[in-house]
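Visitor: So here's input-v5.txt (compact mmCIF, C-alpha atoms).
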```txt
# COMPACT_ATOMS: atom_id res chain seq x y z
CA MET G 62 -9.62 87.92 213.75
CA LYS G 63 -10.84 89.07 210.34
CA ARG G 64 -13.78 90.78 212.03
CA TYR G 65 -11.41 92.58 214.40
CA ILE G 66 -9.24 93.77 211.50
CA SER G 67 -12.33 95.00 209.62
CA LEU G 68 -13.48 97.00 212.64
CA LEU G 69 -9.97 98.49 213.04
CA VAL G 70 -9.93 99.58 209.38
CA ILE G 71 -13.35 101.22 209.77
CA VAL G 72 -12.18 103.11 212.90
CA LEU G 73 -9.02 104.32 211.12
CA LEU G 74 -11.04 105.52 208.12
CA LEU G 75 -13.46 107.42 210.36
CA THR G 76 -10.56 108.95 212.28
CA SER G 77 -8.81 110.08 209.11
CA LEU G 78 -12.02 111.79 207.98
CA TRP G 79 -12.65 113.47 211.36
CA ILE G 80 -9.23 115.01 212.09
CA PRO G 81 -9.01 117.32 209.03
CA SER G 82 -12.52 118.67 209.63
CA VAL G 83 -11.62 119.71 213.19
CA SER G 84 -8.35 121.31 212.07
CA ALA G 85 -10.11 123.26 209.34
CA GLU G 86 -12.72 124.48 211.80
CA GLU G 87 -10.04 125.63 214.29
CA LYS G 88 -8.08 127.43 211.57
CA ALA G 89 -11.15 129.24 210.34
CA SER G 90 -11.93 130.48 213.84
CA THR G 91 -8.40 131.50 214.91
CA ASP G 92 -6.32 132.41 211.84
CA ILE G 93 -7.37 136.03 211.48
CA THR G 94 -4.36 137.54 209.73
CA GLU G 95 -2.52 136.70 206.53
CA ASN G 96 0.42 138.12 204.59
CA VAL G 97 2.20 139.33 207.74
CA ARG G 98 5.31 137.98 209.48
CA SER G 99 3.81 138.20 212.97
CA ALA G 100 0.83 139.66 214.78
CA ILE G 101 -0.85 139.95 218.15
CA LEU G 102 -4.11 141.33 219.54
CA ILE G 103 -4.53 142.14 223.24
CA GLU G 104 -7.03 143.90 225.48
CA ARG G 105 -5.30 146.86 227.11
CA ASP G 106 -6.50 146.82 230.69
CA THR G 107 -6.01 143.09 231.34
CA GLY G 108 -3.25 142.43 228.82
CA GLN G 109 -5.11 139.27 227.81
CA ILE G 110 -4.09 137.89 224.41
CA LEU G 111 -7.08 137.56 222.09
CA TYR G 112 -5.09 136.41 219.04
CA GLU G 113 -1.46 135.87 218.10
CA LYS G 114 0.66 134.66 215.22
CA ASN G 115 4.44 134.16 215.58
CA SER G 116 4.20 136.82 218.28
CA ASN G 117 7.62 136.11 219.81
CA GLU G 118 9.58 136.18 216.55
CA GLU G 119 12.43 138.71 216.70
CA LEU G 120 12.02 141.19 213.85
CA PRO G 121 13.10 144.75 213.00
CA PRO G 122 10.43 147.12 214.39
CA ALA G 123 11.33 150.16 212.27
CA SER G 124 9.70 153.33 213.65
CA MET G 125 7.52 151.39 216.08
CA THR G 126 10.69 151.76 218.17
CA LYS G 127 9.37 155.23 218.95
CA ILE G 128 6.70 153.68 221.19
CA MET G 129 9.46 153.13 223.75
CA THR G 130 10.87 156.59 223.05
CA MET G 131 7.45 158.14 223.71
CA LEU G 132 6.98 155.97 226.81
CA LEU G 133 10.14 157.37 228.42
CA ILE G 134 9.10 160.91 227.47
CA MET G 135 5.68 160.44 229.08
CA GLU G 136 7.27 158.91 232.19
CA ALA G 137 9.58 161.91 232.55
CA ILE G 138 6.60 164.28 232.29
CA ASP G 139 4.56 162.23 234.76
CA GLN G 140 7.45 162.23 237.25
CA GLY G 141 7.89 165.99 236.98
CA LYS G 142 11.32 165.73 235.35
CA LEU G 143 10.05 167.36 232.18
CA LYS G 144 7.41 170.02 231.44
CA TRP G 145 5.21 170.36 228.37
CA ASP G 146 6.31 173.93 227.68
CA GLU G 147 10.00 173.27 228.37
CA SER G 148 12.33 174.24 225.54
CA VAL G 149 14.35 171.55 223.71
CA ARG G 150 17.37 172.56 221.65
CA THR G 151 18.33 170.59 218.53
CA SER G 152 21.93 169.44 218.29
CA GLU G 153 23.80 169.06 215.01
CA TYR G 154 23.64 165.29 215.51
CA ALA G 155 19.87 165.28 216.00
CA ALA G 156 19.40 167.49 212.95
CA SER G 157 21.48 165.10 210.84
CA MET G 158 19.06 162.15 211.17
CA GLY G 159 17.79 160.76 207.89
CA GLY G 160 14.51 159.04 207.11
CA SER G 161 11.28 160.52 208.48
CA GLN G 162 11.92 163.94 209.97
CA ILE G 163 10.40 167.30 210.78
CA PHE G 164 13.52 169.02 209.37
CA LEU G 165 14.88 170.50 212.57
CA GLU G 166 17.88 172.76 212.09
CA PRO G 167 20.94 172.77 214.38
CA GLY G 168 20.22 175.11 217.27
CA GLU G 169 16.47 175.23 216.59
CA GLU G 170 14.31 175.10 219.70
CA MET G 171 10.85 173.66 220.18
CA THR G 172 8.80 172.82 223.25
CA VAL G 173 8.44 169.28 224.56
CA LYS G 174 4.84 169.33 223.32
CA GLN G 175 5.89 170.31 219.79
CA MET G 176 8.65 167.70 219.72
CA LEU G 177 6.21 165.01 220.82
CA GLN G 178 3.84 166.07 218.04
CA GLY G 179 6.71 165.66 215.62
CA ILE G 180 7.38 162.14 216.89
CA ALA G 181 3.82 160.89 217.33
CA ILE G 182 2.30 162.34 214.16
CA GLY G 183 5.23 162.82 211.79
CA SER G 184 7.53 160.03 213.07
CA GLY G 185 10.38 162.53 213.24
CA ASN G 186 13.74 160.85 213.75
CA ASP G 187 15.34 164.22 214.42
CA ALA G 188 12.77 165.03 217.11
CA SER G 189 13.28 161.60 218.70
CA VAL G 190 17.02 162.14 219.05
CA ALA G 191 16.57 165.72 220.29
CA MET G 192 14.24 164.47 223.04
CA ALA G 193 16.63 161.63 223.90
CA GLU G 194 19.45 164.11 224.37
CA LYS G 195 17.20 166.38 226.45
CA ILE G 196 16.24 163.57 228.85
CA ALA G 197 19.45 161.54 229.06
CA GLY G 198 22.21 163.79 227.75
CA SER G 199 22.95 161.64 224.71
CA GLU G 200 21.20 159.16 222.45
CA GLU G 201 23.47 156.39 223.76
CA ALA G 202 22.46 157.08 227.37
CA PHE G 203 18.80 157.20 226.35
CA VAL G 204 19.13 153.84 224.57
CA ASP G 205 20.44 152.42 227.85
CA MET G 206 17.26 153.73 229.51
CA MET G 207 15.18 152.08 226.78
CA ASN G 208 16.83 148.71 227.33
CA ASN G 209 16.54 149.04 231.10
CA LYS G 210 12.82 149.62 230.64
CA VAL G 211 12.69 146.51 228.45
CA LYS G 212 14.12 144.50 231.36
CA GLU G 213 11.78 146.17 233.86
CA LEU G 214 8.79 145.12 231.73
CA GLY G 215 10.12 141.55 231.57
CA LEU G 216 10.43 141.51 227.78
CA LYS G 217 12.56 138.72 226.32
CA ASN G 218 12.71 139.47 222.60
CA THR G 219 13.68 143.13 222.36
CA VAL G 220 17.00 144.96 222.11
CA PHE G 221 17.23 148.60 221.07
CA LYS G 222 20.26 150.19 219.45
CA ASN G 223 18.76 153.60 218.69
CA THR G 224 15.73 155.77 219.50
CA THR G 225 14.35 155.94 215.97
CA GLY G 226 14.10 152.49 214.45
CA LEU G 227 16.53 153.26 211.64
CA PRO G 228 18.16 149.99 210.49
CA GLY G 229 20.87 148.76 212.82
CA SER G 230 22.56 145.48 213.60
CA GLY G 231 21.03 143.78 216.64
CA HIS G 232 18.04 146.16 216.82
CA TYR G 233 14.91 144.03 217.10
CA SER G 234 11.62 143.43 218.88
CA SER G 235 8.55 141.20 218.62
CA ALA G 236 4.80 141.65 218.26
CA HIS G 237 4.28 140.50 221.86
CA ASP G 238 6.89 142.86 223.28
CA MET G 239 5.63 145.79 221.23
CA ALA G 240 2.08 145.18 222.52
CA VAL G 241 3.36 145.25 226.13
CA MET G 242 5.22 148.52 225.48
CA ALA G 243 2.06 149.98 223.94
CA LYS G 244 0.05 148.83 226.97
CA GLU G 245 2.51 150.63 229.24
CA LEU G 246 2.48 153.80 227.11
CA LEU G 247 -1.31 153.93 227.17
CA LYS G 248 -1.25 154.31 230.95
CA TYR G 249 -0.56 157.95 230.13
CA GLU G 250 -3.87 158.98 228.64
CA ASP G 251 -2.52 162.25 227.23
CA ILE G 252 -0.49 160.35 224.64
CA THR G 253 -3.54 159.67 222.44
CA LYS G 254 -4.08 163.42 222.13
CA PHE G 255 -0.95 163.26 219.96
CA THR G 256 -1.06 159.81 218.37
CA GLY G 257 -4.77 160.17 217.61
CA MET G 258 -4.36 163.48 215.77
CA TYR G 259 -4.54 163.12 212.00
CA GLU G 260 -2.85 166.40 211.15
CA ALA G 261 -1.20 169.37 212.82
CA TYR G 262 1.19 172.22 212.10
CA LEU G 263 4.62 173.07 213.46
CA ARG G 264 6.26 176.50 213.21
CA GLU G 265 2.88 178.15 212.73
CA ASN G 266 2.91 181.89 211.99
CA THR G 267 6.37 181.60 210.42
CA ASP G 268 7.60 181.30 206.86
CA LYS G 269 8.70 177.73 207.71
CA LYS G 270 5.24 176.42 208.59
CA PHE G 271 5.35 172.60 208.51
CA TRP G 272 2.33 170.37 207.94
CA LEU G 273 2.29 167.08 209.87
CA VAL G 274 0.10 164.24 208.58
CA ASN G 275 -0.25 161.07 210.65
CA THR G 276 1.42 158.07 209.05
CA ASN G 277 -1.30 155.91 210.67
CA LYS G 278 -4.23 156.38 208.28
CA LEU G 279 -6.54 154.26 210.47
CA VAL G 280 -6.72 157.27 212.79
CA ARG G 281 -8.88 158.87 210.13
CA PHE G 282 -10.62 155.87 208.61
CA TYR G 283 -11.39 153.47 211.49
CA PRO G 284 -13.73 154.82 214.21
CA GLY G 285 -12.07 154.67 217.62
CA VAL G 286 -8.45 154.35 216.47
CA ASP G 287 -6.27 156.92 218.24
CA GLY G 288 -2.73 155.57 217.87
CA LEU G 289 -0.11 154.41 218.14
CA LYS G 290 2.78 154.07 215.66
CA THR G 291 3.59 152.88 212.16
CA GLY G 292 6.92 151.61 210.90
CA PHE G 293 8.59 150.94 207.57
CA THR G 294 12.03 150.09 206.28
CA GLY G 295 13.06 147.90 203.35
CA GLU G 296 14.05 145.19 205.83
CA ALA G 297 11.08 145.47 208.21
CA LYS G 298 8.41 146.04 205.52
CA TYR G 299 5.17 147.63 206.73
CA CYS G 300 4.50 147.48 210.47
CA LEU G 301 1.89 148.98 212.76
CA THR G 302 1.01 149.04 216.43
CA ALA G 303 -2.57 150.32 216.57
CA THR G 304 -4.97 150.96 219.41
CA ALA G 305 -8.70 151.57 219.33
CA GLN G 306 -11.41 152.15 221.90
CA LYS G 307 -15.10 151.25 221.60
CA ASP G 308 -17.84 150.89 224.22
CA GLY G 309 -15.28 151.34 226.99
CA MET G 310 -12.94 148.60 225.75
CA ARG G 311 -9.46 149.45 224.46
CA VAL G 312 -7.47 146.94 222.41
CA ILE G 313 -3.99 146.89 220.91
CA ALA G 314 -3.20 145.23 217.57
CA VAL G 315 0.33 144.75 216.22
CA VAL G 316 1.54 143.53 212.83
CA PHE G 317 5.08 143.09 211.55
CA GLY G 318 6.18 142.58 207.97
CA ALA G 319 3.15 143.29 205.79
CA PRO G 320 3.99 143.68 202.07
CA THR G 321 2.13 146.99 201.62
CA SER G 322 0.65 149.70 203.81
CA LYS G 323 -2.80 148.79 202.48
CA GLU G 324 -2.34 145.17 203.54
CA ARG G 325 -0.98 146.26 206.93
CA ASN G 326 -4.08 148.37 207.58
CA ALA G 327 -6.40 145.61 206.35
CA GLN G 328 -4.94 143.01 208.74
CA VAL G 329 -5.09 145.37 211.72
CA THR G 330 -8.69 146.21 210.80
CA LYS G 331 -9.59 142.50 210.83
CA MET G 332 -8.12 142.08 214.31
CA LEU G 333 -9.92 145.14 215.66
CA ASN G 334 -13.22 143.96 214.17
CA TYR G 335 -12.74 140.56 215.78
CA ALA G 336 -12.04 142.03 219.22
CA PHE G 337 -15.04 144.34 219.25
CA ALA G 338 -17.37 141.65 217.91
CA GLN G 339 -16.36 138.96 220.40
CA TYR G 340 -15.39 140.67 223.68
CA GLN G 341 -16.41 143.31 226.17
CA THR G 342 -14.78 144.88 229.22
CA HIS G 343 -16.24 145.75 232.59
CA PRO G 344 -14.41 148.82 233.99
CA MET G 345 -13.43 148.50 237.66
CA PHE G 346 -10.99 151.34 238.43
CA LYS G 347 -9.40 154.28 236.67
CA ARG G 348 -5.66 154.96 236.87
CA ASN G 349 -4.51 156.78 240.03
CA GLN G 350 -7.63 155.80 241.98
CA VAL G 351 -7.01 155.47 245.73
CA ILE G 352 -7.38 151.88 247.00
CA GLY G 353 -5.96 152.16 250.53
CA ASP G 354 -3.19 153.46 252.82
CA ALA G 355 0.15 151.68 253.15
CA HIS G 356 2.24 152.06 256.32
CA VAL G 357 5.70 153.60 255.87
CA ASN G 358 8.59 152.94 258.28
CA LYS G 359 10.74 155.92 259.33
CA GLY G 360 8.96 158.27 256.95
CA LYS G 361 8.10 161.94 257.36
CA ASP G 362 4.55 160.70 256.82
CA LYS G 363 3.48 157.47 258.47
CA LYS G 364 1.32 156.43 255.54
CA VAL G 365 1.15 156.77 251.78
CA GLN G 366 -1.92 156.38 249.64
CA ALA G 367 -1.83 153.32 247.39
CA VAL G 368 -3.32 154.05 243.96
CA THR G 369 -3.92 152.02 240.82
CA SER G 370 -1.00 152.11 238.38
CA GLU G 371 -3.24 151.67 235.33
CA PRO G 372 -6.91 151.42 234.33
CA LEU G 373 -8.39 148.13 235.55
CA SER G 374 -11.16 146.21 233.82
CA LEU G 375 -12.42 142.65 233.59
CA LEU G 376 -12.62 141.05 230.16
CA THR G 377 -15.36 138.61 229.14
CA LYS G 378 -16.95 137.24 226.05
CA LYS G 379 -19.93 139.36 225.08
CA GLY G 380 -22.91 138.69 227.31
CA GLU G 381 -20.97 137.12 230.19
CA LYS G 382 -21.39 138.56 233.70
CA THR G 383 -18.87 139.36 236.46
CA GLU G 384 -20.94 139.02 239.65
CA ASP G 385 -18.86 136.11 240.95
CA VAL G 386 -15.55 138.03 240.86
CA THR G 387 -14.04 139.11 244.19
CA ARG G 388 -11.34 141.68 244.93
CA LYS G 389 -8.21 141.18 247.07
CA VAL G 390 -5.88 144.03 248.07
CA LYS G 391 -2.38 143.28 249.41
CA LEU G 392 -0.37 146.24 250.75
CA ASP G 393 3.34 145.78 251.39
CA LYS G 394 4.11 145.67 255.13
CA ASN G 395 7.81 146.52 255.06
CA LEU G 396 7.93 149.84 253.23
CA ASN G 397 10.83 152.04 254.25
CA ALA G 398 11.23 155.74 253.48
CA PRO G 399 12.20 157.35 251.21
CA ILE G 400 9.46 156.39 248.76
CA LYS G 401 9.03 158.01 245.38
CA LYS G 402 5.76 158.67 243.61
CA GLY G 403 5.02 155.62 241.45
CA ASP G 404 6.95 153.11 243.59
CA LYS G 405 5.20 149.78 244.03
CA VAL G 406 3.47 149.53 247.42
CA GLY G 407 1.12 146.60 246.89
CA THR G 408 -1.05 144.63 244.49
CA ILE G 409 -4.71 144.28 243.68
CA GLN G 410 -6.20 141.02 242.44
CA PHE G 411 -9.53 140.00 241.00
CA VAL G 412 -10.40 136.37 241.65
CA LYS G 413 -13.01 134.16 239.99
CA GLU G 414 -13.67 130.59 241.16
CA GLY G 415 -10.37 130.59 243.06
CA LYS G 416 -8.35 131.72 240.03
CA VAL G 417 -6.68 135.13 239.68
CA VAL G 418 -8.10 136.65 236.50
CA LEU G 419 -6.40 140.05 236.87
CA GLU G 420 -3.49 141.31 238.95
CA SER G 421 -1.97 144.78 238.92
CA GLU G 422 0.49 146.85 240.94
CA LEU G 423 -0.59 149.52 243.41
CA VAL G 424 1.81 152.45 243.56
CA ALA G 425 2.56 155.39 245.84
CA LYS G 426 0.46 158.46 245.08
CA ASN G 427 3.22 160.82 246.24
CA ASP G 428 6.77 161.01 247.60
CA VAL G 429 7.46 160.20 251.25
CA LYS G 430 10.75 161.58 252.56
CA GLU G 431 12.75 160.11 255.42
CA ALA G 432 11.82 161.44 258.82
CA THR G 433 14.42 163.48 260.69
CA TRP G 434 15.91 162.06 263.87
CA TRP G 435 13.95 164.68 265.81
CA THR G 436 10.65 163.53 264.28
CA LEU G 437 11.47 159.92 265.10
CA TYR G 438 12.45 160.91 268.64
CA LYS G 439 9.16 162.76 269.21
CA ARG G 440 7.23 159.75 267.90
CA SER G 441 9.07 157.35 270.18
CA PHE G 442 8.64 159.73 273.13
CA GLY G 443 4.93 159.90 272.40
CA MET G 444 4.77 156.09 272.37
CA PHE G 445 6.51 155.95 275.77
CA THR G 446 4.10 158.57 277.16
CA LYS G 447 1.09 156.61 275.96
CA ALA G 448 2.52 153.39 277.38
CA GLY G 449 2.96 155.01 280.80
CA LYS G 450 -0.66 156.12 281.08
```
Written as structure tokens, that's how I'd like the structure from this file.

Guide:
Amino acid sequence: MKRYISLLVIVLLLTSLWIPSVSAEEKASTDITENVRSAILIERDTGQILYEKNSNEELPPASMTKIMTMLLIMEAIDQGKLKWDESVRTSEYAASMGGSQIFLEPGEEMTVKQMLQGIAIGSGNDASVAMAEKIAGSEEAFVDMMNNKVKELGLKNTVFKNTTGLPGSGHYSSAHDMAVMAKELLKYEDITKFTGMYEAYLRENTDKKFWLVNTNKLVRFYPGVDGLKTGFTGEAKYCLTATAQKDGMRVIAVVFGAPTSKERNAQVTKMLNYAFAQYQTHPMFKRNQVIGDAHVNKGKDKKVQAVTSEPLSLLTKKGEKTEDVTRKVKLDKNLNAPIKKGDKVGTIQFVKEGKVVLESELVAKNDVKEATWWTLYKRSFGMFTKAGK
């Protein structure tokens, strides 16, 4: 009995020595950030999480809110509802916004492109509201669109109350949700032409020339960073959703609640360094690449081309291969006209060892209108004629 007790004591001692060493090793390998409330690091094409810390905590996002604002602007342009050179008039309400602004005056007009520069580079609250009113008629209606998009993306920890990120009761998001919004925004490759610009001018060749300097200093000081949006309020502290591309791989890093802008940039830099040191992507398809034809019932056209809704890549640790990955395409069989450009018409999957490692929507390349009764009649008559031969 004494021998048994002695052995038990020895085992317990060994166990107590072993457990802390494992925990310390795990912490050293996974705890990348410090001095921030929450953080997340994802690869853009797959959405795979490479690192996270309190990523679902609901926190004020400050001006990172404008990622959703810019997403809806880019969607409207992509859908043909808005043109780059279209004029946008500034209301008295939009001009009255405080905080970061490009000092729009009531009645002043700028193009969509100039307004987007003001938002992406200068974080203009006035430009954000002016664009919201242009697209939806009012900021309130635009906020409804923002929250509908939140639901569409399946986000659980985000509610928007305004387009700007100015402090407001019940206005919050999370690192995870912000990363998903950034992933969606980056489908529109033109956006980095704005968010990746360090400086620009508005009202050039006038006596009111205005110099824009990007609030995201990593755009200038970290190779490959070309966005996306900073944020700061007294409540939110220093926040940043950053994206960088290197060797064909694009990643998104988000931090909430850093004590200083220097600390915010340092923590994002650590996450980016980790991603590029540890991982690599294997590009498979670009956005809008044709994958197949989907049949359309009662449409003016019988088929619609199914295209990729986003860039598609496979993510591996550095040095790993992808030869054993297979592709599966599933096109919806019960598509009824009318169909709008961008509507989901199928899915594409990449499978490895029986497990789906990547899945993405296939969307309609163009609109398909409903066929007229005469078109349907001629088709049915043709079918009868063929059947009688």

Visitor: Residues near stretch 366-372 of chain G, anyone? I mean within 12 Å using all atoms listed in the file, not counting same-chain ones fewer than 6 positions away, as a PyMOL selection string.

Guide: chain G and resi 104-108+244-250+309-311+342-357+390-393+396+400-410+419-429

Visitor: Write out, as an mmCIF file, in the coordinates of the input, the residues just selected, with C-alpha atoms.

Guide:
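Okay, again.cif is ready:
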```
data_model
loop_
_atom_site.group_PDB
_atom_site.id
_atom_site.type_symbol
_atom_site.label_atom_id
_atom_site.label_comp_id
_atom_site.auth_asym_id
_atom_site.auth_seq_id
_atom_site.Cartn_x
_atom_site.Cartn_y
_atom_site.Cartn_z
ATOM 1 C CA GLU G 104 -7.030 143.900 225.480
ATOM 2 C CA ARG G 105 -5.300 146.860 227.110
ATOM 3 C CA ASP G 106 -6.500 146.820 230.690
ATOM 4 C CA THR G 107 -6.010 143.090 231.340
ATOM 5 C CA GLY G 108 -3.250 142.430 228.820
ATOM 6 C CA LYS G 244 0.050 148.830 226.970
ATOM 7 C CA GLU G 245 2.510 150.630 229.240
ATOM 8 C CA LEU G 246 2.480 153.800 227.110
ATOM 9 C CA LEU G 247 -1.310 153.930 227.170
ATOM 10 C CA LYS G 248 -1.250 154.310 230.950
ATOM 11 C CA TYR G 249 -0.560 157.950 230.130
ATOM 12 C CA GLU G 250 -3.870 158.980 228.640
ATOM 13 C CA GLY G 309 -15.280 151.340 226.990
ATOM 14 C CA MET G 310 -12.940 148.600 225.750
ATOM 15 C CA ARG G 311 -9.460 149.450 224.460
ATOM 16 C CA THR G 342 -14.780 144.880 229.220
ATOM 17 C CA HIS G 343 -16.240 145.750 232.590
ATOM 18 C CA PRO G 344 -14.410 148.820 233.990
ATOM 19 C CA MET G 345 -13.430 148.500 237.660
ATOM 20 C CA PHE G 346 -10.990 151.340 238.430
ATOM 21 C CA LYS G 347 -9.400 154.280 236.670
ATOM 22 C CA ARG G 348 -5.660 154.960 236.870
ATOM 23 C CA ASN G 349 -4.510 156.780 240.030
ATOM 24 C CA GLN G 350 -7.630 155.800 241.980
ATOM 25 C CA VAL G 351 -7.010 155.470 245.730
ATOM 26 C CA ILE G 352 -7.380 151.880 247.000
ATOM 27 C CA GLY G 353 -5.960 152.160 250.530
ATOM 28 C CA ASP G 354 -3.190 153.460 252.820
ATOM 29 C CA ALA G 355 0.150 151.680 253.150
ATOM 30 C CA HIS G 356 2.240 152.060 256.320
ATOM 31 C CA VAL G 357 5.700 153.600 255.870
ATOM 32 C CA VAL G 390 -5.880 144.030 248.070
ATOM 33 C CA LYS G 391 -2.380 143.280 249.410
ATOM 34 C CA LEU G 392 -0.370 146.240 250.750
ATOM 35 C CA ASP G 393 3.340 145.780 251.390
ATOM 36 C CA LEU G 396 7.930 149.840 253.230
ATOM 37 C CA ILE G 400 9.460 156.390 248.760
ATOM 38 C CA LYS G 401 9.030 158.010 245.380
ATOM 39 C CA LYS G 402 5.760 158.670 243.610
ATOM 40 C CA GLY G 403 5.020 155.620 241.450
ATOM 41 C CA ASP G 404 6.950 153.110 243.590
ATOM 42 C CA LYS G 405 5.200 149.780 244.030
ATOM 43 C CA VAL G 406 3.470 149.530 247.420
ATOM 44 C CA GLY G 407 1.120 146.600 246.890
ATOM 45 C CA THR G 408 -1.050 144.630 244.490
ATOM 46 C CA ILE G 409 -4.710 144.280 243.680
ATOM 47 C CA GLN G 410 -6.200 141.020 242.440
ATOM 48 C CA LEU G 419 -6.400 140.050 236.870
ATOM 49 C CA GLU G 420 -3.490 141.310 238.950
ATOM 50 C CA SER G 421 -1.970 144.780 238.920
ATOM 51 C CA GLU G 422 0.490 146.850 240.940
ATOM 52 C CA LEU G 423 -0.590 149.520 243.410
ATOM 53 C CA VAL G 424 1.810 152.450 243.560
ATOM 54 C CA ALA G 425 2.560 155.390 245.840
ATOM 55 C CA LYS G 426 0.460 158.460 245.080
ATOM 56 C CA ASN G 427 3.220 160.820 246.240
ATOM 57 C CA ASP G 428 6.770 161.010 247.600
ATOM 58 C CA VAL G 429 7.460 160.200 251.250
#
```

Visitor: Find the residues around G:Phe164 up to 10 Å (all atoms listed in the file counted), leave out those fewer than 3 positions away in its own chain, and share them as a PyMOL selection string.

Guide: chain G and resi 155-159+161+167+169+179+185-188+271

Visitor: Selection from above, C-alpha atoms, as a PDB file, keeping the file's coordinate frame, can you write it?

Guide:
```
ATOM      1  CA  ALA G 155      19.870 165.280 216.000  1.00  0.00           C
ATOM      2  CA  ALA G 156      19.400 167.490 212.950  1.00  0.00           C
ATOM      3  CA  SER G 157      21.480 165.100 210.840  1.00  0.00           C
ATOM      4  CA  MET G 158      19.060 162.150 211.170  1.00  0.00           C
ATOM      5  CA  GLY G 159      17.790 160.760 207.890  1.00  0.00           C
ATOM      6  CA  SER G 161      11.280 160.520 208.480  1.00  0.00           C
ATOM      7  CA  PRO G 167      20.940 172.770 214.380  1.00  0.00           C
ATOM      8  CA  GLU G 169      16.470 175.230 216.590  1.00  0.00           C
ATOM      9  CA  GLY G 179       6.710 165.660 215.620  1.00  0.00           C
ATOM     10  CA  GLY G 185      10.380 162.530 213.240  1.00  0.00           C
ATOM     11  CA  ASN G 186      13.740 160.850 213.750  1.00  0.00           C
ATOM     12  CA  ASP G 187      15.340 164.220 214.420  1.00  0.00           C
ATOM     13  CA  ALA G 188      12.770 165.030 217.110  1.00  0.00           C
ATOM     14  CA  PHE G 271       5.350 172.600 208.510  1.00  0.00           C
TER      15      PHE G 271
END
```

Visitor: Which is closer to G:Met192 than all the others in G:Met258, G:Leu133, G:Leu437, G:Val241, using all atoms listed in the file?

Guide: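 Among the listed residues, G:Leu133 lies closest to G:Met192.
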
Visitor: Could you tell me which of G:Ala398, G:Ala236, G:Val280, G:Val412 comes closest to G:Pro122 if we count only C-alpha atoms?

Guide: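 Result for the nearest residue to G:Pro122: G:Ala236.
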
Visitor: Report, as AutoDock Vina command-line options, the axis-aligned box around all atoms of stretch 418-436 of chain G present in the file, extended by 3 Å on each side; give centre and edge lengths in Å to one decimal place.

Guide:
```
--center_x 3.9 --center_y 150.7 --center_z 251.2 --size_x 30.0 --size_y 34.0 --size_z 35.3
```

Visitor: Hey, what's within 9 Å of G:Thr291 if we count all atoms listed in the file and toss same-chain stuff fewer than 4 positions away? As a PyMOL selection string, please?

Guide: chain G and resi 123-125+184+276-277+299-303

Visitor: Would you kindly place N, CA, C and O atoms on stretch 314-322 of chain G and return the model as an mmCIF file, in the frame of the given file?

Guide:
```cif
data_model
loop_
_atom_site.group_PDB
_atom_site.id
_atom_site.type_symbol
_atom_site.label_atom_id
_atom_site.label_comp_id
_atom_site.auth_asym_id
_atom_site.auth_seq_id
_atom_site.Cartn_x
_atom_site.Cartn_y
_atom_site.Cartn_z
ATOM 1 N N ALA G 314 -3.488 146.184 218.642
ATOM 2 C CA ALA G 314 -3.200 145.230 217.570
ATOM 3 C C ALA G 314 -1.850 145.568 216.958
ATOM 4 O O ALA G 314 -1.570 146.735 216.669
ATOM 5 N N VAL G 315 -1.011 144.548 216.763
ATOM 6 C CA VAL G 315 0.330 144.750 216.220
ATOM 7 C C VAL G 315 0.542 143.832 215.031
ATOM 8 O O VAL G 315 0.203 142.644 215.097
ATOM 9 N N VAL G 316 1.104 144.379 213.948
ATOM 10 C CA VAL G 316 1.540 143.530 212.830
ATOM 11 C C VAL G 316 2.956 143.912 212.434
ATOM 12 O O VAL G 316 3.323 145.088 212.459
ATOM 13 N N PHE G 317 3.733 142.925 212.095
ATOM 14 C CA PHE G 317 5.080 143.090 211.550
ATOM 15 C C PHE G 317 5.107 142.515 210.139
ATOM 16 O O PHE G 317 4.514 141.460 209.877
ATOM 17 N N GLY G 318 5.819 143.175 209.247
ATOM 18 C CA GLY G 318 6.180 142.580 207.970
ATOM 19 C C GLY G 318 5.080 142.387 206.959
ATOM 20 O O GLY G 318 5.063 141.393 206.230
ATOM 21 N N ALA G 319 4.153 143.345 206.855
ATOM 22 C CA ALA G 319 3.150 143.290 205.790
ATOM 23 C C ALA G 319 3.786 143.795 204.490
ATOM 24 O O ALA G 319 4.664 144.661 204.515
ATOM 25 N N PRO G 320 3.351 143.291 203.329
ATOM 26 C CA PRO G 320 3.990 143.680 202.070
ATOM 27 C C PRO G 320 3.678 145.103 201.615
ATOM 28 O O PRO G 320 4.469 145.713 200.892
ATOM 29 N N THR G 321 2.519 145.634 202.004
ATOM 30 C CA THR G 321 2.130 146.990 201.620
ATOM 31 C C THR G 321 1.443 147.666 202.805
ATOM 32 O O THR G 321 0.968 146.997 203.726
ATOM 33 N N SER G 322 1.349 148.991 202.748
ATOM 34 C CA SER G 322 0.650 149.700 203.810
ATOM 35 C C SER G 322 -0.837 149.377 203.790
ATOM 36 O O SER G 322 -1.480 149.295 204.844
#
```
